[in-house]
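Structure record follows, encoded as structure tokens.
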Amino acid sequence: MSKLLIVESPTKARTIGKMLGKNYNIIASMGHIRDLPERELGVDIANGFTPQYVDTARSKSVVKELRSATKNADEIYLAPDPDREGEAIAWHLAEVLKNSTKSPFYRVTFHEITRSAIEKALSEKGEINLNLVDAQQARRVLDRLVGYKVSPLLWSRINKGSSAGRVQSVALRLVVERERAINAFQPEEYWVFSLIFRTADGREFTSRLFKIDGKDFKVGSGGEAEKLIAAVIDGNSPAVGAVSKAERKRYAPAPFTTSTLQQTANTLLHYSATNTMRYAQQLYEGMDVGEGGAVGLITYMRTDSVTIAREAQEAAKAFILDHYGAQYIPSKPNFYKNKSSAQEAHEAIRPTDVRRTPEAMAAFLDSTQLKLYTLIWRRFVASQMAPAIQSLSTVDVVIGGRDSHSYTFRATATVPVFAGFSKVYEDAKKSKDESREAEVLGSLKTGDALTIRDVATEQKFTEPPSRYSEAALIKELEENGIGRPSTYATILRTIQDRDYVNREQGKLIPTELGFQVNDFLVGRLPALFDVGFTAQMEQELDEIEEGKISWTDMMTDFYSKFSPWLDAAKVSDAPSANEAETLLKLFDGVAFAPPEKVGRRTFDDGKFFRSLQDKFKKDRQITLKQFQSLVALAAKYRLNQSPAFAVLPGELQAQIEQAFAEQTERKKRREQSQATASAIDYAGLFAAFDQVNFEPPSKKGRFTYDDKKFFNSLKRQALDGKALSEKQNAALQRMATKYREQLVNATLVDSILGAGAEKPGETPTANAPQDPRIAPLLEELSNVTAWAAPVKRGKYTYDDQEFYKSIAKQHAAGRILSDRQVAALVKMAGKYKSSI
């Protein structure tokens with residue numbers, strides 16, 4: 001019997017292929033084969049929020065291969081990952097392939113890629129869980145609606161490339177609000193006090209002031225500190241008060257979930273969330289470890305469960321007994337409680353075979369994989385071990401002060417008694433061995449006389465909240481119920497890729513653009529980007545997964561709130577009805593110019609005005625952008641010179657006057673540009689390229705570069721009497737350098753563009769002037785005395801000082817800086833503004 005098994009990735013397909021027999025044909029779907037369209041909404045809101053799926057960019061050849069394979073298969077097993085996303089992929093595969101075969105489809109899931117797990121999954125074949133599919137579909141549609149409906153507001157107000165995201169914008173809000181809390185923080189002074197006591201036999205120990213009159217205290221100035229110390233020193237002779245000694249157990253942390261793995265890897269290994277998931281994926285999908293083929297080394301890495309399979313617990317118990325001894329096995333197996341939202345059917349992240357120790361795997365894994373595997377292995381083994389036991393000694397010394405107050409000084413010391421799980425795994429909470437101090441404290445009895453050998457006071461200041469690291473932000477998101485295991489890494493990557501947040505020395509710092517985007521979104525749509533509302537949406541997605549609610553009912557409820565929020569946001573900065581009506585009346589009696597065709601567009605002022613007039617009559621409202629267009633139209637028709645202008649409100653008069661001044665300036669620049677164009681022999685310049693054989697168009701990523709098409713567009717513009725911009729001149733210079741050997745008249749080209757001295761790969765010097773902002777910015781940055789340390793991100797190192805030196809050198813040589821270089825310079829000047 002021929003069987004087809006479909007997984008997501010080629011790596012997984014290769015690993016499983018070596019475990020199953022020849023009866024199985026294993027093919028990778030390469031992820032999703034269908035998704036919502038990239039350049040349109042793709043959701044039929046009126047028809048129950050129906051998604052309008054299209055084939056993904058690379059699915060055509062994959063689907064063709066799959067359809068062919070299904071015709072020869074007696075059974076088809078859908079084996080994408082065991083989560084919402086994987087269930088959706090399985091459903092899409094079944095939907096696309098069902099008409100190509102009459103063979104049955106089965107859903108199989110496994111949480112580790114081992115022979116036993118695969119065989120068990122195939123023997124327990126089932127059906128697609130439509131609740132999981134609905135939950136994924138709801139999240140996809142929800143995110144699409146928010147992204148596609150809200151992002152255009154950012155384009156018109158903030159930045160054309162900006163985007164909003166249902167969850168990413170809330171994560172950005174947390175980072176921005178933390179930064180503002182840091183900036184607003186006012187440090188407060190406080191003092192701490194320690195006394196070094198000497199016992200009757202000459203031994204010493206240090207004790208810190210713990211209570212005054214049995215209560216917490218705060219000493220806020222040096223003067224108060226001096227009075228307190230004087231009162232203590234001149235008080236009653238110190239004597240030992242309460243003495244206690246107790247055993248304390250430290251229990252092992254639970255095995256890793258996705259979020260705790262990302263947090264710990266970030267803290268201990270300095271891995272980003274994205275890199276952690278990349279290395280974990282490699283360990284999960286299979287590595288060749290010298291066992292006759294690839295094998296998965298860890299269980300599925302997207303999970304919020306801390307459950308451990310009984311077989312894995314038994315294997316860990318046997319390993320611990322063999323390698324550490326019976327005393328390291330707990331009296332009963334360790335079980336950890338899942339959060340209410342966790343999927344009990346999933347397991348925590350653990351090694352698939354505890355006998356594959358990090359030492360045994362070192363020869364087969366690279367350093368990044370090995371560090372992560374070691375972390376996962378140790379955490380799992382530790383989670384199945386007995387608790388660590390410590391002895392805690394505490395001694396209080398009470399002094400009656402000269403000022404009649406009672407001062408309690410406390411000394412503590414911790415001594416390890418039994419290593420327990422810490423034999424294998426220690427986290428950031430590792431305790432110190434204070435055996436010497438404990439020996440001294442252990443010899444003391446209540447009433448023992450002491451003398452004060454020394455006094456130490458230290459001035460301190462309260463600290464602002466720390467900036468989020470990736471680990472801290474993931475923890476904050478999880479604690480607030482925002483995002484899920486599969487989304488944390490994407491959230492963090494998105495806010496950094498969008499340039500809303502920078503990561504510097506491991507901390508997340510919002511950029512100026514990040515502040516602007518956050519302030520706009522929170523100001524216009526506070527309810528949508530509220531932490532509590534976002535968490536509620538996540539809870540409802542979980543309820544869809546559990547079959548408690550319908551995904552379309554959930555979407556209907558959401559959209560009934562979202563739509564009016566969005567409508568209000570669009571007009572929140574709109575002029576009042578009175579302002580709009582006043583401006584519209586200013587056009588009474590205006591004779592509009594006839595329609596004018598410019599290129600492929602036709603501009604009809606009268607038609608535009610009448611459309612706004614009709615809209616206002618209907619809605620009693622126009623948008624800010626429409627109001628600004630009317631102001632510009634008023635300036636165009638010189639309405640600032642009409643009698644009605646004099647009775648307009650002063651602010652509206654100023655807006656029209658400003659628009660008129662800007663139009664006058666633009667007209668002047670246009671005339672200068674035309675004069676410049678007529679003074680340049682553009683006809684001769686472009687004729688010099690007549691013999692050039694342009695390279696064929698080339699595609700890089702999403703963009704197609706076509707030298708001939710671009711050259712012809714510059715030629716049309718210049719020969720139409722419009723001077724080329726600085727950027728266009730620079731592009732033409734590069735083209736002249738590239739095709740220099742084919743130019744008919746290189747001397748003429750050099751005389752116009754100044755490109756003759758340039759070599760391929762260099763940035764040409766343009767005749768147009770430099771951006772006037774550059775020189776002042778460079779002057780400001782020359783006064784920076786403390787540059788930030790270089791920051792490594794991936795394979796790149798970002799060094800502010802070196803970037804400044806490079807830009808200064810290029811500017812001094814007269815080279816034209818790119819728009820990106822100027823933008824980076826502006827951003828850097830803002831960053832160092834406080835230290836200039």
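Each chain of the structure tokens is named A, B, ... in the order shown, its residues numbered from 1; ligands are numbered from 1 in display order.
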
Identify, on the basis of only C-alpha atoms, every residue whose closest approach to Gly589 of chain A does not exceed 12 Å; exclude the query and any residue fewer than 5 positions from it along the same chain; express the result as a PyMOL selection string.
chain A and resi 584+606+637+639+642+644

Residues near Arg350 of chain A, anyone? I mean within 9 Å using only C-alpha atoms, not counting same-chain ones fewer than 5 positions away, as JSON, numbers by chain.
{"A": [255, 256, 297, 298, 299, 300, 301, 308, 312, 376, 377, 379, 380, 381]}

Residues from the last selection, N, CA and C atoms, saved as a PDB file, in the first residue's frame:
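Saved result, selection08.pdb, follows:
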ATOM      1  N   PRO A 255      10.348  22.523  33.433  1.00  0.00           N
ATOM      2  CA  PRO A 255      10.988  22.453  32.110  1.00  0.00           C
ATOM      3  C   PRO A 255      10.508  23.603  31.241  1.00  0.00           C
ATOM      4  N   PHE A 256      11.220  23.837  30.174  1.00  0.00           N
ATOM      5  CA  PHE A 256      10.975  25.037  29.373  1.00  0.00           C
ATOM      6  C   PHE A 256       9.660  24.994  28.604  1.00  0.00           C
ATOM      7  N   LEU A 297      16.279  16.077  18.175  1.00  0.00           N
ATOM      8  CA  LEU A 297      16.936  16.066  19.491  1.00  0.00           C
ATOM      9  C   LEU A 297      16.056  16.634  20.601  1.00  0.00           C
ATOM     10  N   ILE A 298      15.070  17.479  20.244  1.00  0.00           N
ATOM     11  CA  ILE A 298      14.179  18.041  21.258  1.00  0.00           C
ATOM     12  C   ILE A 298      12.732  17.913  20.793  1.00  0.00           C
ATOM     13  N   THR A 299      11.823  18.040  21.727  1.00  0.00           N
ATOM     14  CA  THR A 299      10.406  18.026  21.392  1.00  0.00           C
ATOM     15  C   THR A 299      10.006  19.356  20.766  1.00  0.00           C
ATOM     16  N   TYR A 300       8.753  19.433  20.326  1.00  0.00           N
ATOM     17  CA  TYR A 300       8.262  20.612  19.604  1.00  0.00           C
ATOM     18  C   TYR A 300       8.468  21.872  20.441  1.00  0.00           C
ATOM     19  N   MET A 301       8.999  22.916  19.798  1.00  0.00           N
ATOM     20  CA  MET A 301       9.482  24.082  20.548  1.00  0.00           C
ATOM     21  C   MET A 301       8.459  25.212  20.659  1.00  0.00           C
ATOM     22  N   ILE A 308       5.122  16.751  31.178  1.00  0.00           N
ATOM     23  CA  ILE A 308       6.155  15.817  30.719  1.00  0.00           C
ATOM     24  C   ILE A 308       5.527  14.435  30.591  1.00  0.00           C
ATOM     25  N   ALA A 312       9.092   9.836  29.432  1.00  0.00           N
ATOM     26  CA  ALA A 312      10.249  10.723  29.576  1.00  0.00           C
ATOM     27  C   ALA A 312      10.635  10.869  31.050  1.00  0.00           C
ATOM     28  N   ILE A 376      18.507  23.278  27.402  1.00  0.00           N
ATOM     29  CA  ILE A 376      17.260  22.500  27.429  1.00  0.00           C
ATOM     30  C   ILE A 376      17.463  21.187  28.183  1.00  0.00           C
ATOM     31  N   TRP A 377      18.570  20.506  27.906  1.00  0.00           N
ATOM     32  CA  TRP A 377      18.849  19.221  28.547  1.00  0.00           C
ATOM     33  C   TRP A 377      18.976  19.387  30.056  1.00  0.00           C
ATOM     34  N   ARG A 379      17.935  21.826  32.019  1.00  0.00           N
ATOM     35  CA  ARG A 379      16.690  22.273  32.652  1.00  0.00           C
ATOM     36  C   ARG A 379      15.729  21.093  32.823  1.00  0.00           C
ATOM     37  N   PHE A 380      15.657  20.230  31.811  1.00  0.00           N
ATOM     38  CA  PHE A 380      14.759  19.081  31.906  1.00  0.00           C
ATOM     39  C   PHE A 380      15.228  18.119  32.992  1.00  0.00           C
ATOM     40  N   VAL A 381      16.497  17.753  32.964  1.00  0.00           N
ATOM     41  CA  VAL A 381      17.002  16.797  33.967  1.00  0.00           C
ATOM     42  C   VAL A 381      16.814  17.367  35.372  1.00  0.00           C
TER      43      VAL A 381
END

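Residues within 10 Å of His405 of chain A, counting only C-alpha atoms and excluding same-chain residues fewer than 4 positions away, are Ile212, Asp213, Gly214, Leu228, Ala231, Val232, Gly235, Ile399, Gly400 and Gly401 of chain A.
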
Output file for the selection above: C-alpha atoms, as a CSV table (one decimal), in the first residue's frame:
chain,number,residue,atom,x,y,z
A,212,ILE,CA,13.6,50.8,63.8
A,213,ASP,CA,11.1,50.3,66.6
A,214,GLY,CA,10.0,47.1,64.8
A,228,LEU,CA,21.0,57.9,63.5
A,231,ALA,CA,22.1,57.6,68.4
A,232,VAL,CA,23.2,54.0,67.8
A,235,GLY,CA,23.1,53.9,72.9
A,399,ILE,CA,20.4,48.3,70.3
A,400,GLY,CA,18.5,50.8,72.4
A,401,GLY,CA,19.5,54.2,70.9

Polymer residues at most 7 Å from Ala13 of chain A, only C-alpha atoms, same-chain spacing of 3 or more positions, as a PDB file with N, CA, C and O atoms, in the first residue's frame:
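The result, stored in out.pdb:
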ATOM      1  N   VAL A   7       4.634  16.931   5.198  1.00  0.00           N
ATOM      2  CA  VAL A   7       5.109  17.746   6.324  1.00  0.00           C
ATOM      3  C   VAL A   7       5.374  19.156   5.812  1.00  0.00           C
ATOM      4  O   VAL A   7       5.142  19.453   4.641  1.00  0.00           O
ATOM      5  N   SER A   9       8.483  21.136   6.244  1.00  0.00           N
ATOM      6  CA  SER A   9       9.822  21.552   5.804  1.00  0.00           C
ATOM      7  C   SER A   9      10.609  20.398   5.195  1.00  0.00           C
ATOM      8  O   SER A   9      10.419  19.230   5.565  1.00  0.00           O
ATOM      9  N   PRO A  10      11.527  20.689   4.282  1.00  0.00           N
ATOM     10  CA  PRO A  10      12.361  19.650   3.667  1.00  0.00           C
ATOM     11  C   PRO A  10      13.232  18.927   4.693  1.00  0.00           C
ATOM     12  O   PRO A  10      13.465  17.733   4.569  1.00  0.00           O
ATOM     13  N   ILE A  16      12.374  12.264   8.683  1.00  0.00           N
ATOM     14  CA  ILE A  16      11.340  11.225   8.790  1.00  0.00           C
ATOM     15  C   ILE A  16      11.535  10.171   7.710  1.00  0.00           C
ATOM     16  O   ILE A  16      11.287   8.979   7.923  1.00  0.00           O
ATOM     17  N   GLY A  17      12.010  10.601   6.535  1.00  0.00           N
ATOM     18  CA  GLY A  17      12.197   9.676   5.420  1.00  0.00           C
ATOM     19  C   GLY A  17      13.139   8.534   5.749  1.00  0.00           C
ATOM     20  O   GLY A  17      12.996   7.420   5.225  1.00  0.00           O
ATOM     21  N   ILE A  26       7.366  10.942   1.158  1.00  0.00           N
ATOM     22  CA  ILE A  26       7.311  12.084   2.074  1.00  0.00           C
ATOM     23  C   ILE A  26       7.668  13.358   1.313  1.00  0.00           C
ATOM     24  O   ILE A  26       8.743  13.463   0.716  1.00  0.00           O
ATOM     25  N   ILE A  27       6.750  14.321   1.334  1.00  0.00           N
ATOM     26  CA  ILE A  27       6.923  15.576   0.585  1.00  0.00           C
ATOM     27  C   ILE A  27       6.688  16.761   1.526  1.00  0.00           C
ATOM     28  O   ILE A  27       5.804  16.719   2.384  1.00  0.00           O
ATOM     29  N   ALA A  28       7.476  17.812   1.349  1.00  0.00           N
ATOM     30  CA  ALA A  28       7.321  19.037   2.151  1.00  0.00           C
ATOM     31  C   ALA A  28       6.433  20.031   1.416  1.00  0.00           C
ATOM     32  O   ALA A  28       6.603  20.259   0.212  1.00  0.00           O
TER      33      ALA A  28
END

As JSON, numbers by chain, please: every residue in segment 239-362 of chain A that a backbone DSSP assignment puts in helix (DSSP H, G or I).
{"A": [258, 259, 260, 261, 262, 263, 264, 265, 266, 267, 268, 269, 273, 274, 275, 276, 277, 278, 279, 280, 281, 282, 283, 284, 285, 310, 311, 312, 313, 314, 315, 316, 317, 318, 319, 320, 321, 322, 323, 326, 327, 328, 358, 359, 360, 361]}

Taking 5 positions as the minimum chain separation for residues in the same chain, which residues sit within 7 Å of segment 31-35 of chain A when counting only C-alpha atoms? Answer as a PyMOL selection string.
chain A and resi 8-9+53-56+59+89+92

For C-alpha atoms, I'd like the residues from the last selection saved as a compact mmCIF listing (two decimals), in the first residue's frame.
# COMPACT_ATOMS: atom_id res chain seq x y z
CA GLU A 8 6.06 21.43 6.30
CA SER A 9 9.82 21.55 5.80
CA TYR A 53 -7.36 32.80 -0.05
CA VAL A 54 -4.86 32.83 -2.90
CA ASP A 55 -1.92 30.58 -3.72
CA THR A 56 1.32 31.63 -2.04
CA SER A 59 3.14 27.01 -3.86
CA ILE A 89 -1.83 24.16 6.87
CA HIS A 92 -5.58 23.99 3.33

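Atom CA of Lys215 of chain A sits 24.1 Å away from atom CA of Asp454 of chain A.
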